[in-house]
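To be precise, the following lines are query_11.txt, and they hold compact mmCIF, N, CA and C atoms.
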```
# COMPACT_ATOMS: atom_id res chain seq x y z
N MET F 1 -1.35 -22.09 -5.10
CA MET F 1 -0.39 -21.16 -4.54
C MET F 1 -0.47 -21.26 -3.02
N LYS F 2 0.69 -21.26 -2.41
CA LYS F 2 0.75 -21.35 -0.96
C LYS F 2 0.36 -20.01 -0.32
N LYS F 3 0.08 -20.09 0.96
CA LYS F 3 -0.34 -18.89 1.70
C LYS F 3 0.75 -17.81 1.66
N THR F 4 2.00 -18.21 1.80
CA THR F 4 3.08 -17.22 1.77
C THR F 4 3.23 -16.59 0.40
N GLY F 5 3.00 -17.37 -0.65
CA GLY F 5 3.06 -16.84 -2.01
C GLY F 5 1.96 -15.83 -2.26
N MET F 6 0.76 -16.11 -1.72
CA MET F 6 -0.35 -15.17 -1.87
C MET F 6 -0.06 -13.87 -1.13
N ALA F 7 0.51 -13.99 0.08
CA ALA F 7 0.84 -12.79 0.85
C ALA F 7 1.89 -11.96 0.13
N LYS F 8 2.87 -12.64 -0.48
CA LYS F 8 3.91 -11.94 -1.22
C LYS F 8 3.32 -11.22 -2.43
N SER F 9 2.39 -11.88 -3.11
CA SER F 9 1.73 -11.27 -4.27
C SER F 9 0.93 -10.05 -3.86
N ASP F 10 0.22 -10.14 -2.77
CA ASP F 10 -0.55 -9.00 -2.27
C ASP F 10 0.36 -7.83 -1.91
N ALA F 11 1.50 -8.14 -1.31
CA ALA F 11 2.45 -7.10 -0.92
C ALA F 11 3.00 -6.40 -2.17
N LYS F 12 3.28 -7.17 -3.22
CA LYS F 12 3.78 -6.58 -4.47
C LYS F 12 2.74 -5.65 -5.08
N LYS F 13 1.48 -6.04 -5.04
CA LYS F 13 0.41 -5.20 -5.57
C LYS F 13 0.34 -3.89 -4.80
N LEU F 14 0.42 -3.98 -3.48
CA LEU F 14 0.37 -2.79 -2.64
C LEU F 14 1.55 -1.87 -2.91
N MET F 15 2.74 -2.44 -3.04
CA MET F 15 3.93 -1.64 -3.32
C MET F 15 3.82 -0.98 -4.70
N GLY F 16 3.24 -1.70 -5.65
CA GLY F 16 3.05 -1.13 -6.98
C GLY F 16 2.12 0.06 -6.96
N LYS F 17 1.09 0.00 -6.12
CA LYS F 17 0.17 1.13 -6.01
C LYS F 17 0.85 2.33 -5.35
N MET F 18 1.77 2.08 -4.45
CA MET F 18 2.42 3.16 -3.73
C MET F 18 3.42 3.91 -4.60
N VAL F 19 4.03 3.27 -5.60
CA VAL F 19 5.00 3.94 -6.45
C VAL F 19 4.39 4.40 -7.76
N ALA F 20 3.12 4.12 -7.96
CA ALA F 20 2.44 4.52 -9.19
C ALA F 20 2.24 6.03 -9.22
N PRO F 21 2.07 6.60 -10.44
CA PRO F 21 1.81 8.04 -10.53
C PRO F 21 0.56 8.42 -9.74
N GLY F 22 0.63 9.51 -9.05
CA GLY F 22 -0.50 9.95 -8.24
C GLY F 22 -0.50 9.33 -6.85
N ALA F 23 0.59 8.67 -6.49
CA ALA F 23 0.64 8.00 -5.20
C ALA F 23 0.89 8.96 -4.05
N ALA F 24 1.16 10.23 -4.35
CA ALA F 24 1.38 11.20 -3.29
C ALA F 24 0.13 11.33 -2.42
N GLY F 25 -1.03 11.12 -3.03
CA GLY F 25 -2.28 11.19 -2.29
C GLY F 25 -2.75 9.82 -1.83
N PHE F 26 -1.86 8.85 -1.77
CA PHE F 26 -2.22 7.49 -1.38
C PHE F 26 -2.84 7.50 0.01
N GLY F 27 -4.06 7.03 0.09
CA GLY F 27 -4.76 6.97 1.37
C GLY F 27 -5.57 8.21 1.67
N ASN F 28 -5.46 9.26 0.89
CA ASN F 28 -6.23 10.48 1.12
C ASN F 28 -7.62 10.31 0.55
N ALA F 29 -8.62 10.66 1.31
CA ALA F 29 -10.01 10.53 0.87
C ALA F 29 -10.38 11.66 -0.09
N ASP F 30 -9.68 12.79 -0.03
CA ASP F 30 -10.04 13.93 -0.86
C ASP F 30 -9.19 14.01 -2.14
N ASN F 31 -8.74 12.87 -2.61
CA ASN F 31 -7.93 12.83 -3.82
C ASN F 31 -8.80 13.19 -5.02
N ALA F 32 -8.38 14.16 -5.83
CA ALA F 32 -9.21 14.70 -6.91
C ALA F 32 -8.90 14.07 -8.26
N ILE F 33 -8.24 12.92 -8.29
CA ILE F 33 -7.94 12.27 -9.56
C ILE F 33 -9.21 11.62 -10.09
N VAL F 34 -9.49 11.87 -11.38
CA VAL F 34 -10.69 11.33 -12.01
C VAL F 34 -10.27 10.13 -12.85
N ASP F 35 -10.99 9.03 -12.72
CA ASP F 35 -10.64 7.86 -13.52
C ASP F 35 -11.11 8.04 -14.96
N ARG F 36 -10.68 7.16 -15.83
CA ARG F 36 -10.97 7.29 -17.26
C ARG F 36 -12.45 7.24 -17.56
N ARG F 37 -13.16 6.35 -16.89
CA ARG F 37 -14.60 6.22 -17.15
C ARG F 37 -15.34 7.50 -16.79
N GLU F 38 -15.00 8.08 -15.65
CA GLU F 38 -15.64 9.33 -15.22
C GLU F 38 -15.28 10.47 -16.17
N GLN F 39 -14.02 10.52 -16.61
CA GLN F 39 -13.61 11.55 -17.54
C GLN F 39 -14.35 11.41 -18.87
N ARG F 40 -14.53 10.17 -19.34
CA ARG F 40 -15.27 9.93 -20.58
C ARG F 40 -16.70 10.40 -20.46
N LYS F 41 -17.32 10.16 -19.30
CA LYS F 41 -18.70 10.63 -19.08
C LYS F 41 -18.78 12.15 -19.10
N ARG F 42 -17.79 12.80 -18.48
CA ARG F 42 -17.77 14.27 -18.48
C ARG F 42 -17.60 14.82 -19.89
N ASP F 43 -16.70 14.20 -20.65
CA ASP F 43 -16.48 14.64 -22.03
C ASP F 43 -17.73 14.46 -22.87
N GLN F 44 -18.42 13.33 -22.72
CA GLN F 44 -19.64 13.08 -23.48
C GLN F 44 -20.72 14.09 -23.12
N ALA F 45 -20.80 14.46 -21.85
CA ALA F 45 -21.79 15.45 -21.42
C ALA F 45 -21.52 16.81 -22.07
N LEU F 46 -20.25 17.09 -22.35
CA LEU F 46 -19.88 18.35 -22.99
C LEU F 46 -19.95 18.25 -24.52
N GLY F 47 -20.28 17.07 -25.02
CA GLY F 47 -20.37 16.87 -26.47
C GLY F 47 -19.02 16.64 -27.13
N LEU F 48 -18.01 16.27 -26.35
CA LEU F 48 -16.68 16.05 -26.90
C LEU F 48 -16.54 14.61 -27.39
N VAL F 49 -15.84 14.46 -28.51
CA VAL F 49 -15.62 13.15 -29.11
C VAL F 49 -14.12 12.97 -29.32
N PRO F 50 -13.55 11.83 -28.92
CA PRO F 50 -12.13 11.62 -29.18
C PRO F 50 -11.87 11.53 -30.68
N PHE F 51 -10.82 12.20 -31.14
CA PHE F 51 -10.52 12.27 -32.56
C PHE F 51 -9.01 12.23 -32.74
N ALA F 52 -8.50 11.09 -33.13
CA ALA F 52 -7.05 10.92 -33.26
C ALA F 52 -6.62 11.14 -34.70
N VAL F 53 -5.53 11.89 -34.87
CA VAL F 53 -4.95 12.12 -36.19
C VAL F 53 -3.43 12.01 -36.07
N LYS F 54 -2.79 11.75 -37.18
CA LYS F 54 -1.33 11.72 -37.22
C LYS F 54 -0.87 13.00 -37.91
N LEU F 55 -0.02 13.74 -37.20
CA LEU F 55 0.47 15.02 -37.71
C LEU F 55 1.99 15.02 -37.76
N ASN F 56 2.52 15.88 -38.59
CA ASN F 56 3.95 16.08 -38.68
C ASN F 56 4.45 16.61 -37.34
N SER F 57 5.63 16.16 -36.92
CA SER F 57 6.16 16.56 -35.61
C SER F 57 6.39 18.06 -35.52
N ASP F 58 6.75 18.70 -36.63
CA ASP F 58 6.94 20.16 -36.62
C ASP F 58 5.62 20.88 -36.35
N LEU F 59 4.56 20.39 -36.95
CA LEU F 59 3.24 20.99 -36.74
C LEU F 59 2.79 20.82 -35.30
N VAL F 60 3.04 19.66 -34.75
CA VAL F 60 2.68 19.40 -33.34
C VAL F 60 3.46 20.33 -32.42
N LEU F 61 4.73 20.52 -32.72
CA LEU F 61 5.55 21.43 -31.91
C LEU F 61 5.01 22.85 -31.97
N GLN F 62 4.57 23.29 -33.15
CA GLN F 62 3.98 24.62 -33.28
C GLN F 62 2.70 24.73 -32.46
N LEU F 63 1.88 23.68 -32.50
CA LEU F 63 0.64 23.69 -31.73
C LEU F 63 0.92 23.75 -30.23
N GLN F 64 1.89 22.96 -29.78
CA GLN F 64 2.24 22.97 -28.36
C GLN F 64 2.79 24.31 -27.93
N THR F 65 3.61 24.92 -28.77
CA THR F 65 4.16 26.23 -28.46
C THR F 65 3.06 27.28 -28.37
N LEU F 66 2.14 27.24 -29.32
CA LEU F 66 1.03 28.18 -29.31
C LEU F 66 0.17 28.01 -28.06
N ALA F 67 -0.06 26.77 -27.66
CA ALA F 67 -0.84 26.51 -26.45
C ALA F 67 -0.13 27.05 -25.21
N LYS F 68 1.20 26.89 -25.15
CA LYS F 68 1.95 27.42 -24.01
C LYS F 68 1.91 28.94 -23.99
N GLU F 69 2.04 29.56 -25.16
CA GLU F 69 2.01 31.03 -25.23
C GLU F 69 0.67 31.58 -24.76
N ARG F 70 -0.38 30.91 -25.14
CA ARG F 70 -1.73 31.34 -24.75
C ARG F 70 -2.12 30.85 -23.36
N ASP F 71 -1.29 30.01 -22.77
CA ASP F 71 -1.59 29.39 -21.47
C ASP F 71 -2.96 28.70 -21.53
N ALA F 72 -3.14 27.91 -22.60
CA ALA F 72 -4.41 27.24 -22.83
C ALA F 72 -4.16 25.75 -23.02
N ASP F 73 -5.22 24.99 -22.97
CA ASP F 73 -5.17 23.55 -23.19
C ASP F 73 -4.96 23.29 -24.68
N LEU F 74 -4.16 22.29 -25.00
CA LEU F 74 -3.88 21.95 -26.39
C LEU F 74 -5.16 21.60 -27.15
N ASN F 75 -6.08 20.92 -26.50
CA ASN F 75 -7.35 20.57 -27.14
C ASN F 75 -8.12 21.82 -27.55
N ASP F 76 -8.12 22.83 -26.69
CA ASP F 76 -8.84 24.06 -26.98
C ASP F 76 -8.20 24.81 -28.16
N VAL F 77 -6.88 24.84 -28.19
CA VAL F 77 -6.17 25.54 -29.27
C VAL F 77 -6.44 24.86 -30.61
N VAL F 78 -6.35 23.53 -30.64
CA VAL F 78 -6.59 22.80 -31.88
C VAL F 78 -8.03 22.98 -32.33
N ALA F 79 -9.00 22.93 -31.41
CA ALA F 79 -10.40 23.12 -31.77
C ALA F 79 -10.63 24.51 -32.35
N GLU F 80 -10.00 25.52 -31.75
CA GLU F 80 -10.15 26.91 -32.23
C GLU F 80 -9.58 27.06 -33.65
N LEU F 81 -8.38 26.50 -33.86
CA LEU F 81 -7.75 26.59 -35.17
C LEU F 81 -8.54 25.84 -36.25
N LEU F 82 -9.08 24.68 -35.89
CA LEU F 82 -9.90 23.93 -36.84
C LEU F 82 -11.17 24.70 -37.19
N ALA F 83 -11.79 25.29 -36.19
CA ALA F 83 -13.03 26.04 -36.43
C ALA F 83 -12.75 27.24 -37.35
N LYS F 84 -11.65 27.96 -37.11
CA LYS F 84 -11.27 29.09 -37.95
C LYS F 84 -10.98 28.64 -39.37
N GLY F 85 -10.24 27.54 -39.51
CA GLY F 85 -9.89 27.03 -40.82
C GLY F 85 -11.10 26.57 -41.62
N LEU F 86 -12.05 25.93 -40.96
CA LEU F 86 -13.24 25.45 -41.64
C LEU F 86 -14.20 26.59 -41.99
N ALA F 87 -14.17 27.65 -41.20
CA ALA F 87 -15.05 28.79 -41.46
C ALA F 87 -14.55 29.63 -42.65
N ALA F 88 -13.25 29.55 -42.90
CA ALA F 88 -12.67 30.36 -43.99
C ALA F 88 -13.00 29.80 -45.36
```
Go ahead and render the structure in this file as structure tokens.
Amino acid sequence: MKKTGMAKSDAKKLMGKMVAPGAAGFGNADNAIVDRREQRKRDQALGLVPFAVKLNSDLVLQLQTLAKERDADLNDVVAELLAKGLAA
């Protein structure tokens, strides 16, 4: 690759970073975005395990609505409902 091609490639990478989500804080040292690896470490420290399931879209809509009504995180609402259901 020629020098101009490399410079063009570098410029495209930089432009891609600037339009990516979270780019509003581009160049800010106090950006509070946590990367996936750090988030995984935090979740593991809390004893959280990723658990994927396939649910009916109507059920998911009910869960999302309930989470909005309670102004809570969807993960917390699902965990609470599962705990109640298993305890019964």
Quick one, how far is atom C of Phe51 in chain F from atom C of Gln39 in chain F? 14.9 Å
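For the pair atom N of Asn75 in chain F and CA of Pro50 in chain F, the interatomic distance is 11.4 Å.
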Coordinates-based distance that separates CA of Gln64 in chain F from CA of Arg36 in chain F (Å, one decimal): 23.3 Å
DSSP on the backbone: what in chain F comes out helix (DSSP H, G or I), as an NGL selection string? :F and (3-19 or 23-25 or 36-45 or 57-70 or 74-87)
Listed atoms of range 67-79 of chain F, axis-aligned box, 8 Å per side: centre and edge lengths to one decimal in Å, as lines of an AutoDock Vina configuration file?
```
center_x = -4.3
center_y = 26.1
center_z = -26.9
size_x = 28.7
size_y = 27.0
size_z = 26.9
```
Write out as a PyMOL selection string which residues come within 9 Å of Leu66 in chain F when counting only C-alpha atoms, dropping same-chain ones fewer than 6 positions away. chain F and resi 72+74+77
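Of the listed residues (F:Met15, F:Ala45, F:Leu63, F:Ile33), F:Leu63 comes nearest to Val78 in chain F; the distances count all atoms listed in the file.
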